[in-house]
Amino acid sequence: MTSLLRISAIVLILVSWGGIIDANNNELKVYLVPYCTIDASWSAPKGEPFQEVTNTLDRLLDSLSNDPTKRFSWPEVSIFARYWWRSLSESKKKKMRSIVSEGRFEFVGGGLISSADESLFSKESFVQQMNEGHEFLKKEFGYKPKIAFQMNSLGHSSLTPSLLHSMGFQSLMISSISSKLLIEYHKKKQLEFIWKWEDLSDENKKQQPKSPGLFTHIADSSSSYNVSNADNVVKQWKDRAESFRNKMLLVPWVERIDAGIDTHSWSSWESLDNLIGQINSDGKYKIKVEYSTFSDYFLKLKSISETNHVGFPTFGGDFFPFNNSGMMHSGHFSESLRGKRELFSLLRHAQLLHTLAKHESELFDRILSGESNSTSLNESKFPYEELQSRLNNATWDLSMFLDQNGYEDPQFPISLEFHENLLASAKSNVEKALEDSTSFLHSKGESKASLHYTSELKLLNNGETSTQCLPFIVSNPLGWSRDEIIKVIVDIPNVRVEVDYSEIQSQVNPVFTRMMGNNKENIVQDDHYELYFEARISALSSKTFFLCPGETEWGEIATPKIYTKTVHRTLSAHPLDGNSKISIENSKFRLDFNGDGLLDSIHDNAQSKSHHLSVQFYEYLNKGSTGTKLDGMQGTESPVSHLKNTVIVTKGVLVHKVTTFFGNENWVSFSLYTSDSDFGFIQVEQSVKVTGKDRSLAVRFSTDLSSGNIFWTDDGFRMMERARSKSIEGSYLPYYSTSFIQDKKTHRQFTIISDQSGGASSPSSGSLEVMLYHCARRNSDKVVYKNFRILFENFEETEEWFRINQLRMEHPIRVLASITPIDRLVWNDKYWGSYSPLGFAELPHDVHLFSLKAIEGSDDAILQLVHVHEPIEGKDNSVYLNTGHLFAEKWEILKQTNRGLSAQEEENNPLTFSILDFEKLSGYQNKFQRLKIGGGHRDHHDNSNASEENLGLILQPLRIKTVIIRLLSSPFGSPEFDLIEEPSFLPSFIFPALAALLLLLLFLFKFGRKKGKKLMSPTIQRIRNSPLLKKNPILG
């Protein structure tokens, strides 16, 4: 029996390696797939935007119309739709729809652009641009893409298979893996495999939830073919076919359109037709070639693999770094990342408020009109359609910035200008939607507040200080309540902050600038100030504050203390030397600084123990880099000069801050907050100037932790273990927002959380280095600004809440201020002081509201929730959430329909291939972090009763759940009111009015007049104050 099992296993291995093929058919079948790549952000529009792309599509339409054997695959939607489809005649659109329905023109990927965010994409930006593209294809073609397409990324994230599988893709095309691995995979016939999301190492196999994986094909993107030499082409194809397990070969035939140059217009297929005809007609080649699409190839591959009992290996991890011809690529590190991350976060916030305002407006209109089923929306009260158009345009504009940052390259100044205009347009549209939606949600009636999104609050007008207060609204985009210290810029120091007619604690810090000239240094005070105040904001809510001039009872103007090694003409200063003893402290930490004014150590007050912690900035020399890839770094790092240091120490009631000026134009600041909610981290801000061309700038934190050569970076969901390599380039790995090092003996962890994506490394044990800017080719005097949060504590503490810090940094509390100061009584008469769609409810702290977005022309909305925590070792930490209670204070959710991540009605049936669990690809078998303890923040529930009928959702760790919800536009929060049959002799609005009044009386009776008023939603208060209700004879 044992021998029989061994023989069966050997036969299975031989079969899986293509050792058994139909003996009667040794002919190689070649599926030739013509497609193009469009590097949208490298394309330099000259004259008409993307004219060469549109010319190519015109010629493709003619070619496919005239020859039914032709096939073509198209990787993106943005340029296709915006610059070709919208201007196409109806007759040509009909022709193209017919070709798409016949499967001869295939959209692969189907997102607005083909390869999102280089190789390490933001979840939000990726899902947003994919959903927009898929919605366009559904509307125009009734089409859902089957094949995911990541053929132009420099490396591939481990997040890729998870997100793409959740979107309903059947297979995936990639191309960028290291040349060393590519050679190995060729030899082992592993160019096609099942890419799984979990760690596949033996010791971790049982600890993580199983993912179905995504069938993945590594394309040969480097080969070029001389179509005039059939013998040569056939030899190349047969050589490559030896690397696959079936007698069939996929040949992607790529032509690239970028930099405004149409390298091959597909105006003539003659050369390919001649090549195919010659090969097919000559029996000596034993090859049959046909035009195909990617999806046709994968369907036939599945069928043949099942017939021949061929299985495929598995892979878990990512493909970083991507090593090609000795050059390392680990993502992109460029100045645009900050703007992209901020704008996508702002877009999500604007979409959320726009959706809430739409339903509030519908509710208000229906209650007052008595039309409970009306879907009309009064555009004069809330311009839903106008703002929806603005948000759509912004989404499409921003998609152009997800493709490899080519617009930063100095070779393409026209492209740079084009993309800067797109960025400005997107920013304007998003801010307008944010401002108008917030204004409507706070408006009591027809009045509309003039708000602008800002971080500066101004009370000066032509040099005169206003005597009135400046209203500003603070808005929380997260589904959790937040108690945070907020910083804004003000133009006068003598101010106070008030809310609900009461002053709150605040702190004003002077701002200084160091000016250099004639080898002299001068510290001058700016004409603006930092204002800190603490805001308590409930989930998804917004609240009105007032900035008032004059005397303050709870405010404080901090007095700075200046230390310097030079003489200042305008400000008195203390000497900066070894006797300075500079430090700042809160209840958790004390930071100590050395005689140069640089951070030297951190003291943990709870453990009464000090640790070494220092910071140093370095530059690397680069050669041959494009400015968007981490490559070409040469030699030893060079420290940035710390001469002529000046230190400013500011201590106040809310924040203690040390700012060190060093070198010529550089500064770094460390802040500790005294608030109970914000005391656990160290805020780091830095502004450093690159000293010349072809240089990269990095910051290195050195500690006394014993971390060896191991460090960790995140992929947007999980933390992944990394190891330092021999080369500088190979040691840098991308992070989405977080990197850390650990000391296994002391259980201490040093964590850096950033508001931008980037690259991290660990040059030595106990150190963690972050790339601030890579290769300043365009700007030799580039000034880099970055913002970090640092955690230095035990594993158990950090694992509990660093993800909350990630999301707080990515989605900060935002300020929208009135254009001008206004009398507070006038403002309060027109606008509500707060808006809270969840009332006092909030999501559990391990669940993040990924998005809430209205569906055009429908009462429905897309709701996406994500479980943000890692799996807990040996425990099910999935979360059950009753979405029916989510908006219970405002609306009732009438229905809930589960969808895939792309939110489409119909998903593709998955393609399943035989998996060989015993065969795994080598390479980057990364280990993923798993929590070792239960969480204080976690809110676990019994999942046994979860179902769609009771509006329950089960959220698995690190999974995004998508549902379509329909909100009942009723203020009562209970379906019983809808069951009342209205007598025909009474006006239709009487019963809604009576119900509203009863609810008001209930609040007043139970909670008291003052508290009841506070609990009422703005919509109910608007209804209460409506002239229509006051005139109702029954309410008399």
# chains A, B, ... in the order shown; residues from 1 in each chain; ligands from 1
call {"tool": "select_by_dssp", "arguments": {"residues": "stretch 669-887 of chain A", "states": "strand (DSSP E or B)", "output": "CSV table (one decimal) with C-alpha atoms, in the first residue's frame"}}
result
chain,number,residue,atom,x,y,z
A,669,SER,CA,10.6,69.3,15.9
A,670,PHE,CA,9.5,66.8,18.6
A,671,SER,CA,6.2,67.4,20.4
A,672,LEU,CA,4.6,65.7,23.5
A,673,TYR,CA,1.0,66.3,24.2
A,682,ILE,CA,5.7,61.5,20.0
A,683,GLN,CA,4.9,63.9,17.1
A,684,VAL,CA,7.8,64.5,14.7
A,685,GLU,CA,7.8,67.1,12.0
A,686,GLN,CA,10.8,67.8,9.8
A,687,SER,CA,11.8,70.1,6.9
A,688,VAL,CA,15.1,69.3,5.3
A,689,LYS,CA,16.7,70.6,2.1
A,695,ARG,CA,20.8,62.8,-4.1
A,696,SER,CA,18.4,60.9,-1.9
A,697,LEU,CA,17.5,62.1,1.6
A,698,ALA,CA,16.9,59.8,4.6
A,699,VAL,CA,16.3,60.1,8.3
A,700,ARG,CA,17.7,57.5,10.7
A,701,PHE,CA,16.5,56.8,14.2
A,702,SER,CA,19.0,54.8,16.4
A,703,THR,CA,18.0,53.0,19.5
A,710,ILE,CA,15.0,42.2,11.0
A,711,PHE,CA,12.6,45.0,10.6
A,712,TRP,CA,8.9,45.2,9.6
A,713,THR,CA,6.9,47.2,7.1
A,714,ASP,CA,3.2,47.2,6.3
A,719,MET,CA,2.9,44.0,9.0
A,720,MET,CA,5.5,42.0,7.1
A,721,GLU,CA,8.8,40.8,8.3
A,722,ARG,CA,11.8,42.0,6.3
A,723,ALA,CA,15.5,41.3,6.4
A,733,LEU,CA,11.4,47.9,1.3
A,734,PRO,CA,8.2,49.8,0.8
A,735,TYR,CA,5.8,50.7,3.6
A,738,THR,CA,4.1,52.0,9.2
A,739,SER,CA,7.5,50.4,10.0
A,740,PHE,CA,9.1,49.1,13.2
A,741,ILE,CA,11.9,47.2,14.9
A,742,GLN,CA,11.5,44.8,17.9
A,743,ASP,CA,13.7,43.6,20.7
A,748,ARG,CA,10.2,46.7,23.3
A,749,GLN,CA,9.2,48.0,19.9
A,750,PHE,CA,10.1,51.2,18.1
A,751,THR,CA,7.4,52.2,15.6
A,752,ILE,CA,7.3,55.0,13.0
A,753,ILE,CA,3.9,55.9,11.5
A,754,SER,CA,3.9,58.2,8.5
A,758,GLY,CA,7.7,55.4,1.4
A,759,GLY,CA,10.6,53.1,1.9
A,760,ALA,CA,12.2,51.9,5.1
A,761,SER,CA,15.4,50.0,6.1
A,767,SER,CA,18.2,51.4,13.8
A,768,LEU,CA,15.3,52.3,11.6
A,769,GLU,CA,15.8,54.5,8.5
A,770,VAL,CA,13.1,56.1,6.4
A,771,MET,CA,13.6,57.6,2.9
A,772,LEU,CA,12.3,61.1,2.9
A,773,TYR,CA,13.0,61.8,-0.8
A,783,VAL,CA,12.8,71.0,0.5
A,784,VAL,CA,11.2,67.9,2.0
A,785,TYR,CA,8.6,68.0,4.7
A,786,LYS,CA,7.3,64.9,6.5
A,787,ASN,CA,5.2,64.2,9.5
A,788,PHE,CA,5.7,61.1,11.8
A,789,ARG,CA,4.2,59.6,14.9
A,790,ILE,CA,6.6,57.6,17.0
A,791,LEU,CA,5.7,54.9,19.5
A,792,PHE,CA,8.3,53.4,21.9
A,793,GLU,CA,6.7,50.8,24.2
A,794,ASN,CA,6.0,47.1,24.7
A,814,ARG,CA,-10.6,68.8,9.3
A,815,VAL,CA,-11.4,72.4,9.8
A,816,LEU,CA,-13.8,74.4,7.7
A,817,ALA,CA,-14.0,78.1,8.6
A,818,SER,CA,-16.4,80.9,7.9
A,822,ILE,CA,-19.7,87.1,12.2
A,831,TYR,CA,-26.9,77.2,11.8
A,834,SER,CA,-23.4,70.2,15.6
A,835,TYR,CA,-24.3,67.4,13.3
A,847,VAL,CA,-13.8,48.3,12.4
A,848,HIS,CA,-13.1,51.2,10.0
A,849,LEU,CA,-15.8,52.8,7.8
A,850,PHE,CA,-13.9,52.3,4.6
A,851,SER,CA,-16.4,54.3,2.5
A,852,LEU,CA,-20.0,55.5,2.3
A,853,LYS,CA,-21.0,56.7,-1.1
A,854,ALA,CA,-24.3,57.5,-2.7
A,860,ASP,CA,-29.1,53.2,-2.4
A,861,ALA,CA,-25.6,53.8,-1.1
A,862,ILE,CA,-22.4,51.7,-1.1
A,863,LEU,CA,-21.3,50.9,2.5
A,864,GLN,CA,-17.8,49.4,3.0
A,865,LEU,CA,-16.5,48.3,6.3
A,866,VAL,CA,-13.1,46.8,7.1
A,867,HIS,CA,-11.8,44.8,10.1
A,872,ILE,CA,-5.2,36.7,16.9
A,875,LYS,CA,-8.5,32.7,18.6
A,879,VAL,CA,-16.5,40.9,14.5
A,880,TYR,CA,-20.3,40.7,14.2
A,881,LEU,CA,-21.8,44.1,13.4
A,882,ASN,CA,-25.5,44.8,13.2
call {"tool": "residues_around", "arguments": {"residues": "A:Asp823", "least_positions_apart": "3", "cutoff": "7 Å", "atoms": "only C-alpha atoms", "output": "JSON, numbers by chain"}}
result
{"A": [468, 469, 826, 827]}
call {"tool": "atom_distance", "arguments": {"atom1": "atom CA of A:Glu799", "atom2": "atom CA of A:Gly766"}}
result
19.1 Å
call {"tool": "residues_around", "arguments": {"residues": "A:Ala539", "least_positions_apart": "3", "cutoff": "7 Å", "atoms": "only C-alpha atoms", "output": "ChimeraX atom specification"}}
result
/A:476,478-481,838,842
call {"tool": "atom_distance", "arguments": {"atom1": "atom CA of A:Val649", "atom2": "atom CA of A:His574"}}
result
11.1 Å
call {"tool": "atom_distance", "arguments": {"atom1": "atom CA of A:Met248", "atom2": "atom CA of A:Asn26"}}
result
10.1 Å
call {"tool": "residues_around", "arguments": {"residues": "A:Gly578", "least_positions_apart": "6", "cutoff": "12 Å", "atoms": "only C-alpha atoms", "output": "ChimeraX atom specification"}}
result
/A:563-565,592-598,600
call {"tool": "closest_residue", "arguments": {"among": "A:Ser303, A:Thr314, A:Gln51, A:Ser114", "to": "A:Leu191", "atoms": "only C-alpha atoms"}}
result
A:Thr314
call {"tool": "select_by_dssp", "arguments": {"residues": "stretch 147-207 of chain A", "states": "alpha helix (DSSP H)", "output": "mmCIF file with C-alpha atoms, in the first residue's frame"}}
result
data_model
loop_
_atom_site.group_PDB
_atom_site.id
_atom_site.type_symbol
_atom_site.label_atom_id
_atom_site.label_comp_id
_atom_site.auth_asym_id
_atom_site.auth_seq_id
_atom_site.Cartn_x
_atom_site.Cartn_y
_atom_site.Cartn_z
ATOM 1 C CA LEU A 159 -2.164 42.963 -0.901
ATOM 2 C CA THR A 160 -2.721 42.505 -4.656
ATOM 3 C CA PRO A 161 -4.276 39.002 -4.753
ATOM 4 C CA SER A 162 -6.580 39.677 -1.813
ATOM 5 C CA LEU A 163 -8.135 42.865 -3.183
ATOM 6 C CA LEU A 164 -8.372 41.579 -6.743
ATOM 7 C CA HIS A 165 -9.987 38.296 -5.724
ATOM 8 C CA SER A 166 -12.513 40.238 -3.627
ATOM 9 C CA SER A 179 15.480 38.519 -12.708
ATOM 10 C CA LYS A 180 17.030 35.920 -10.390
ATOM 11 C CA LEU A 181 13.620 34.554 -9.401
ATOM 12 C CA LEU A 182 12.442 34.691 -12.992
ATOM 13 C CA ILE A 183 15.265 32.358 -14.066
ATOM 14 C CA GLU A 184 14.412 29.955 -11.252
ATOM 15 C CA TYR A 185 10.698 29.936 -12.070
ATOM 16 C CA HIS A 186 11.498 29.236 -15.731
ATOM 17 C CA LYS A 187 13.491 26.161 -14.768
#
call {"tool": "closest_residue", "arguments": {"among": "A:Gly692, A:Gly680, A:Gly339, A:Gly103", "to": "A:Lys427", "atoms": "only C-alpha atoms"}}
result
A:Gly339
call {"tool": "closest_residue", "arguments": {"among": "A:Phe840, A:Phe382, A:Tyr529, A:Phe472", "to": "A:His354", "atoms": "only C-alpha atoms"}}
result
A:Phe382
call {"tool": "residues_around", "arguments": {"residues": "stretch 442-459 of chain A", "least_positions_apart": "6", "cutoff": "9 Å", "atoms": "only C-alpha atoms", "output": "VMD selection string"}}
result
chain A and resid 380 to 381 431 to 432 434 to 436 465 to 470 472 to 473 487 to 492 542 to 544 547 to 549 814 to 821 827 829 to 835 1018 to 1019 1021 to 1022 1025 to 1026
call {"tool": "closest_residue", "arguments": {"among": "A:Met96, A:Ile147, A:Leu275, A:Ile804", "to": "A:Ser65", "atoms": "only C-alpha atoms"}}
result
A:Met96
